[in-house]
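To start, the structure under review is shown below, and the notes come after it.
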Amino acid sequence: MRTSEIAKRFVTYFEKQGHLVMPSASLISPNPTTLFTIAGMVPFIPYLLGEQTPPSRRMTSNQKCVRTLDIDEVGKTTRHGTFFQMLGNFSIGDYFKKEAIHYAWDLLTSPQDQGGYGFEKDKLWVTTYTDDEEARSLWKTEGMDPEHMQVLGMEDNFWTTGGPGPGGPCTEIYVDRGPEYGPDGGPIASESRYIEIWDLVFENFEVDNVKSKTNLHIVGELANKNIDTGMGLERVAYLLQGKQNIYETDEIFPVIEEAERLSGRKYGDDPEDDVRFRVVADHVRSALMIMGDGVRPSNEGRGYVLRRLIRRSIRAMKMLGVEQEVFPHLLPVSEAQMKLSYPELESSFAEVSETAFGEEAAFRRTLDQGSTILDVAISQAKKDASEKGQEQPVVSGKEAFTLHDTYGFPIELTTEIAREQGVGVDDRSFRELMAEQKQRARADALKKRHNVDLSVYDDAKKALAKPIEFTGYKEFSSRGT
Ligand code: ALA
């Protein structure tokens with residue numbers, strides 16, 4: 001089943017249950033506490049909090065999302081993507097646990113020829129929040145094997161955006177991929193065998209001051225008992241398409257094939273190369289979608305996230321042995337896939353491409369200038385470590401700072417390149433040097449400002465520096481005469 005078909009089935013199912021189909025909002029988060037839209041519920045926060053009246057109490061959407069918290073996991077696990085699509089059904093004070101659980105079970109287990117996804121019932125597992133007996137009993141009523149239900153605490157089964165806003169206990173649905181992917185024992189035993197596909201949040205609390213998942217402050221109950229659910233489209237796609245991970249699904253894999261062509265290497269031949277192929281496929285798509293929503297590379301905020309994604313793709317291609325420019329080849333392949341679901345990508349693609357190609361060219365210049373210096377620093381670190389009998393070679397903070405300051409090498413890049421060779425970076429001393437530089441810059445700016453302000457007095461100062469001829473008495477006396 002193609003990814004777009006999986007998405008279509010979801011919204012069609014919920015539309016039949018009286019939900020209003022809402023378009024995806026922009027990736028640029030309307031919520032000021034996050035840079036990007038990180039979940040399907042983000043555009044609905046004012047409705048969930050009861051601040052605004054929703055167009056309908058029942059809504060469904062396929063929302064574009066970006067999360068970069070786990071960027072280092074991309075390509076290494078089966079399921080981490082920086083861009084992903086979240087299917088969701090939302091109830092704003094309409095139905096609650098009973099219907100939410102029923103709909104999820106029904107859609108997942110209904111046969112494919114009847115509009116469902118056709119998952120086998122005995123492959124499904126759920127986790128529920130600590131004291132949520134009601135959810136457990138509802139699952140049992142639907143037909144869920146009681147042995148396939150596990151109880152988890154605040155950390156796993158109380159959902160918030162990570163910032164102030166709505167939140168609540170949740171129940172998560174998993175698919176068992178089979179014993180070849182990990183030990184028995186349900187989601188708490190193996191993350192690679194039991195894949196979380198859908199989270200149903202009983203979102204009837206307001207939280208603020210979220211310090212960590214277990215250290216958050218519940219302001220109180222919301223006026224409405226809401227439902228917010230999120231199903232990972234790419235995850236369901238890889239399971240239904242019989243693939244090993246999200247990167248091999250129909251919307252993403254063509255970029256890997258193009259990268260194979262450019263590199264002359266084969267996906268599946270070498271585990272380290274495979275991670276690089278997947279990073280490229282993920283990051284190129286994310287960069288495309290982020291630029292499609294109007295973000296351009298820069299040194300801060302969203303623009304910096306985008307810049308990192310572009311740079312990491314280029315680096316991964318370099319590691320695959322590709323020295324030529326890659327975005328002119330990879331970006332159109334990703335766009336050809338993604339515009340099937342997001343036709344609006346087409347209108348800005350010429351400009352988006354130009355931006356990406358320009359960014360690549362600039363980054364290649366940076367790489368050319370800094371790479372040799374870093375290579376020398378890495379060799380030196382290895383030599384020093386072996387001479388001193390240290391286990392972990394480390395590039396000094398000073399060298400990392402010079403690379404940053406003189407060659408425009410961001411610390412993340414230095415760290416990544418060093419890490420690929422088993423070498424660390426003295427991050428602490430790098431940060432100290434950065435702080436000192438900031439201090440110096442501030443002092444300079446202050447001085448400059450004063451000079452500008454005071455320059456008008458320069459002539460006066462010069463005049464004052466000369467010995468002053470005392471003429472007072474003379475003048476006095478002359479005035480007196
Ligand atoms: N908001 C919930 C999540 O993102 C559904 O997992």
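As shown in the structure tokens, the chain order sets the letters A, B, ...; within each chain, residues go from 1, and ligands are also counted from 1 in the order they appear.
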Residues of range 197-265 of chain A at most 12 Å from range 9-25 of chain A: nearest atom pair and distance in Å, only C-alpha atoms, as JSON lines:
{"residue": "A:Trp198", "atom": "CA", "partner": "A:Phe10", "partner_atom": "CA", "distance": 12.0}
{"residue": "A:Thr229", "atom": "CA", "partner": "A:Phe10", "partner_atom": "CA", "distance": 11.8}
{"residue": "A:Gly230", "atom": "CA", "partner": "A:Phe10", "partner_atom": "CA", "distance": 11.1}
{"residue": "A:Met231", "atom": "CA", "partner": "A:Phe10", "partner_atom": "CA", "distance": 9.3}
{"residue": "A:Gly232", "atom": "CA", "partner": "A:Phe10", "partner_atom": "CA", "distance": 11.3}
{"residue": "A:Leu233", "atom": "CA", "partner": "A:Phe10", "partner_atom": "CA", "distance": 9.6}
{"residue": "A:Val236", "atom": "CA", "partner": "A:Phe10", "partner_atom": "CA", "distance": 11.1}
Convert the current residue selection to file output with N, CA, C and O atoms, as a compact mmCIF listing (two decimals), in the first residue's frame.
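Written out: again-v2.txt:
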# COMPACT_ATOMS: atom_id res chain seq x y z
N TRP A 198 1.06 4.35 16.93
CA TRP A 198 -0.06 5.29 17.13
C TRP A 198 -0.18 5.61 18.61
O TRP A 198 -0.11 4.70 19.45
N THR A 229 -4.73 12.34 18.73
CA THR A 229 -3.99 11.11 18.42
C THR A 229 -2.96 11.39 17.33
O THR A 229 -3.10 12.34 16.55
N GLY A 230 -1.94 10.56 17.29
CA GLY A 230 -0.91 10.72 16.27
C GLY A 230 -0.44 9.37 15.78
O GLY A 230 0.05 8.56 16.57
N MET A 231 -0.65 9.13 14.49
CA MET A 231 -0.15 7.88 13.91
C MET A 231 1.00 8.22 12.97
O MET A 231 0.88 9.14 12.13
N GLY A 232 2.10 7.51 13.09
CA GLY A 232 3.27 7.79 12.26
C GLY A 232 3.08 7.17 10.88
O GLY A 232 3.15 5.95 10.71
N LEU A 233 2.84 8.05 9.88
CA LEU A 233 2.55 7.54 8.53
C LEU A 233 3.70 6.69 7.98
O LEU A 233 3.49 5.60 7.45
N VAL A 236 3.83 3.19 9.65
CA VAL A 236 2.81 2.26 9.16
C VAL A 236 3.17 1.83 7.73
O VAL A 236 3.02 0.67 7.36
Selection: 7 Å around range 366-377 of chain A, only C-alpha atoms, excl. self and same-chain fewer than 4 positions, as a ChimeraX atom specification: /A:362,381,395,403,407-409
Dump as a tab-separated table the rows for residues of chain A within 10 Å of ligand 1: closest atom pair and distance in Å with one decimal, only C-alpha atoms and all ligand atoms counted, ordered by chain and rising residue number.
residue	atom	partner	partner_atom_place_in_ligand_line	distance
A:Ile38	CA	ligand 1	4 (O)	7.2
A:Ala39	CA	ligand 1	4 (O)	4.6
A:Gly40	CA	ligand 1	1 (N)	6.3
A:Met41	CA	ligand 1	1 (N)	5.6
A:Val42	CA	ligand 1	1 (N)	7.9
A:Cys65	CA	ligand 1	4 (O)	9.6
A:Met86	CA	ligand 1	4 (O)	7.7
A:Leu87	CA	ligand 1	5 (C)	8.9
A:Gly88	CA	ligand 1	5 (C)	7.2
A:Asn89	CA	ligand 1	5 (C)	9.0
A:Phe90	CA	ligand 1	5 (C)	9.4
A:Asn157	CA	ligand 1	6 (O)	9.8
A:Phe158	CA	ligand 1	2 (C)	9.7
A:Trp159	CA	ligand 1	2 (C)	6.5
A:Thr160	CA	ligand 1	1 (N)	7.2
A:Thr161	CA	ligand 1	1 (N)	7.1
A:Pro166	CA	ligand 1	1 (N)	9.5
A:Gly167	CA	ligand 1	1 (N)	8.3
A:Gly168	CA	ligand 1	1 (N)	9.5
A:Cys170	CA	ligand 1	5 (C)	8.2
A:Thr171	CA	ligand 1	5 (C)	9.6
A:Glu172	CA	ligand 1	6 (O)	8.6
A:Glu196	CA	ligand 1	6 (O)	10.0
A:Ile197	CA	ligand 1	6 (O)	9.4
A:Trp198	CA	ligand 1	6 (O)	7.4
A:Asp199	CA	ligand 1	5 (C)	5.0
A:Leu200	CA	ligand 1	5 (C)	5.7
A:Val201	CA	ligand 1	5 (C)	5.7
A:Phe202	CA	ligand 1	5 (C)	9.2
A:Glu203	CA	ligand 1	1 (N)	8.8
A:Ile227	CA	ligand 1	5 (C)	8.7
A:Asp228	CA	ligand 1	5 (C)	5.3
A:Thr229	CA	ligand 1	5 (C)	3.9
A:Gly230	CA	ligand 1	5 (C)	3.7
A:Met231	CA	ligand 1	5 (C)	7.2
A:Gly232	CA	ligand 1	6 (O)	8.6
Extract, using only C-alpha atoms, all DNA, RNA and protein residues at most 10 Å from Glu432 in chain A, discarding same-chain residues fewer than 5 positions from it, and format them as a short mmCIF file (atom, residue, chain, number, x, y, z; two decimals) with N, CA and C atoms, in the first residue's frame.
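In the end it all went to selection.cif:
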data_model
loop_
_atom_site.label_atom_id
_atom_site.label_comp_id
_atom_site.auth_asym_id
_atom_site.auth_seq_id
_atom_site.Cartn_x
_atom_site.Cartn_y
_atom_site.Cartn_z
N GLY A 397 40.32 22.18 22.11
CA GLY A 397 39.30 23.21 21.96
C GLY A 397 39.84 24.36 21.10
N LYS A 398 41.17 24.60 21.23
CA LYS A 398 41.78 25.71 20.49
C LYS A 398 41.68 25.45 18.98
N PHE A 401 38.23 25.80 17.83
CA PHE A 401 37.88 27.22 17.81
C PHE A 401 38.44 27.89 16.54
N ASP A 427 35.12 19.86 23.93
CA ASP A 427 34.00 20.77 23.77
C ASP A 427 34.03 21.88 24.82
N GLN A 437 35.64 34.94 23.32
CA GLN A 437 35.55 35.73 22.10
C GLN A 437 34.33 36.67 22.14
N LYS A 438 33.26 36.15 22.67
CA LYS A 438 32.04 36.93 22.79
C LYS A 438 32.30 38.16 23.66
#
Backbone DSSP call of strand (DSSP E or B) for range 345-436 of chain A, listed as a ChimeraX atom specification: /A:394-395,424-425
Restricting the output to all heavy atoms, write the selected residues as a PDB file, in the first residue's frame.
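Okay, this is what ended up in selection34.pdb:
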ATOM      1  N   VAL A 394      41.813  13.335  21.393  1.00  0.00           N
ATOM      2  CA  VAL A 394      40.897  14.478  21.448  1.00  0.00           C
ATOM      3  C   VAL A 394      41.493  15.673  20.708  1.00  0.00           C
ATOM      4  O   VAL A 394      42.641  16.051  20.942  1.00  0.00           O
ATOM      5  CB  VAL A 394      40.629  14.884  22.925  1.00  0.00           C
ATOM      6  CG1 VAL A 394      39.742  16.124  22.995  1.00  0.00           C
ATOM      7  CG2 VAL A 394      39.971  13.744  23.681  1.00  0.00           C
ATOM      8  N   VAL A 395      40.689  16.254  19.819  1.00  0.00           N
ATOM      9  CA  VAL A 395      41.089  17.500  19.158  1.00  0.00           C
ATOM     10  C   VAL A 395      40.918  18.621  20.180  1.00  0.00           C
ATOM     11  O   VAL A 395      39.874  18.700  20.847  1.00  0.00           O
ATOM     12  CB  VAL A 395      40.201  17.768  17.915  1.00  0.00           C
ATOM     13  CG1 VAL A 395      40.405  19.170  17.382  1.00  0.00           C
ATOM     14  CG2 VAL A 395      40.472  16.733  16.829  1.00  0.00           C
ATOM     15  N   GLY A 424      37.565  12.438  19.755  1.00  0.00           N
ATOM     16  CA  GLY A 424      36.665  13.372  20.424  1.00  0.00           C
ATOM     17  C   GLY A 424      37.099  14.814  20.195  1.00  0.00           C
ATOM     18  O   GLY A 424      38.110  15.078  19.548  1.00  0.00           O
ATOM     19  N   VAL A 425      36.325  15.745  20.713  1.00  0.00           N
ATOM     20  CA  VAL A 425      36.673  17.167  20.638  1.00  0.00           C
ATOM     21  C   VAL A 425      36.517  17.741  22.042  1.00  0.00           C
ATOM     22  O   VAL A 425      35.551  17.432  22.734  1.00  0.00           O
ATOM     23  CB  VAL A 425      35.744  17.921  19.651  1.00  0.00           C
ATOM     24  CG1 VAL A 425      36.009  19.422  19.681  1.00  0.00           C
ATOM     25  CG2 VAL A 425      35.909  17.392  18.232  1.00  0.00           C
TER      26      VAL A 425
END
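Surrounding range 209-226 of chain A within 7 Å are Leu48, Leu49, Ser91, Ile92, Gly93, Phe96, Met154, Glu155, Gly162, Gly163, Pro164, Phe202 and Glu203 of chain A, with only C-alpha atoms counted and residues fewer than 6 positions along the same chain left out.
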Go ahead and dump the residues you just picked, C-alpha atoms, as a compact mmCIF listing (two decimals), in the first residue's frame.
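Saved the output as again.txt:
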# COMPACT_ATOMS: atom_id res chain seq x y z
CA LEU A 48 -7.62 22.05 22.83
CA LEU A 49 -7.03 24.74 25.45
CA SER A 91 -12.04 15.48 19.54
CA ILE A 92 -12.51 18.85 21.16
CA GLY A 93 -14.75 17.98 24.08
CA PHE A 96 -13.34 10.55 24.66
CA MET A 154 4.80 9.34 33.41
CA GLU A 155 7.94 9.24 31.29
CA GLY A 162 7.63 19.51 25.87
CA GLY A 163 6.49 23.06 26.68
CA PRO A 164 3.48 24.72 28.27
CA PHE A 202 -6.49 11.75 26.56
CA GLU A 203 -5.68 15.40 26.53
For Met317 in chain A, the nearest of the candidates A:Ile411, A:Ala7, A:Val275, A:Ala237, counting only C-alpha atoms: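 Using only C-alpha atoms, Met317 in chain A sits closest to A:Val275.
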Once DSSP has gone over the backbone, tell me which residues of range 42-152 of chain A are in helix (DSSP H, G or I), as a tab-separated table (two decimals) with C-alpha atoms, in the first residue's frame.
chain	number	residue	atom	x	y	z
A	42	VAL	CA	0.12	21.80	17.26
A	43	PRO	CA	-2.24	23.78	14.97
A	44	PHE	CA	-5.15	22.79	17.22
A	45	ILE	CA	-3.65	23.97	20.53
A	46	PRO	CA	-5.99	27.00	20.87
A	47	TYR	CA	-8.99	24.66	20.42
A	48	LEU	CA	-7.62	22.05	22.83
A	71	ILE	CA	18.91	13.71	14.60
A	72	ASP	CA	21.83	11.49	15.64
A	73	GLU	CA	19.54	8.45	15.57
A	97	LYS	CA	-11.53	7.30	25.51
A	98	LYS	CA	-14.15	4.79	24.45
A	99	GLU	CA	-14.56	6.01	20.88
A	100	ALA	CA	-10.89	6.87	20.42
A	101	ILE	CA	-9.88	3.32	21.32
A	102	HIS	CA	-12.65	1.80	19.26
A	103	TYR	CA	-11.80	3.81	16.11
A	104	ALA	CA	-8.12	2.96	16.37
A	105	TRP	CA	-8.73	-0.75	16.80
A	106	ASP	CA	-11.32	-0.78	14.02
A	107	LEU	CA	-9.15	1.03	11.45
A	108	LEU	CA	-6.05	-1.01	12.26
A	109	THR	CA	-7.69	-4.42	12.19
A	112	GLN	CA	-7.66	-3.97	3.61
A	113	ASP	CA	-10.44	-4.66	1.13
A	114	GLN	CA	-12.83	-2.94	3.52
A	121	LYS	CA	-4.93	-8.67	16.00
A	122	ASP	CA	-2.38	-10.86	17.73
A	123	LYS	CA	0.46	-8.65	16.41
A	133	GLU	CA	-7.90	1.02	34.34
A	134	GLU	CA	-10.57	2.46	32.10
A	135	ALA	CA	-8.33	2.39	29.02
A	136	ARG	CA	-7.26	-1.18	29.77
A	137	SER	CA	-10.82	-2.35	30.15
A	138	LEU	CA	-11.81	-0.60	26.91
A	139	TRP	CA	-8.99	-2.31	25.02
A	140	LYS	CA	-10.10	-5.65	26.40
A	141	THR	CA	-13.66	-5.02	25.27
A	142	GLU	CA	-12.39	-4.33	21.73
A	146	PRO	CA	-4.79	-8.75	28.00
A	147	GLU	CA	-1.31	-10.28	27.80
A	148	HIS	CA	-0.48	-7.68	25.18
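When only C-alpha atoms are used to measure the gap to Pro343 in chain A, the shortest distance among A:Gly75, A:Pro393, A:Gly321, A:Gly292 belongs to A:Gly292.
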Shortest interatomic distance to Gly422 in chain A - which of A:Glu391, A:Glu335, A:Glu260, A:Glu436, counting only C-alpha atoms: A:Glu391
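Close contacts of Glu257 in chain A, defined as residues with an atom at most 12 Å away when counting only C-alpha atoms, with chain neighbours fewer than 2 positions off set aside, comprise Tyr247, Glu248, Thr249, Asp250, Glu251, Ile252, Phe253, Pro254, Val255, Ala259, Glu260, Arg261, Leu262, Ser263, Gly264, Arg265, Lys266, Tyr267, Gly268, Asp274, Phe277, Arg278, Val280, Ala281, His329, Leu330, Val333 and Ser334 of chain A.
Distance-wise, CA of Leu413 in chain A and CA of Ala400 in chain A end up 9.9 Å apart.
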Proximity to Tyr342 in chain A - best of A:Lys64, A:Arg419, A:Lys318, A:Lys388, only C-alpha atoms: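 Selected residue with least distance to Tyr342 in chain A: A:Lys64.
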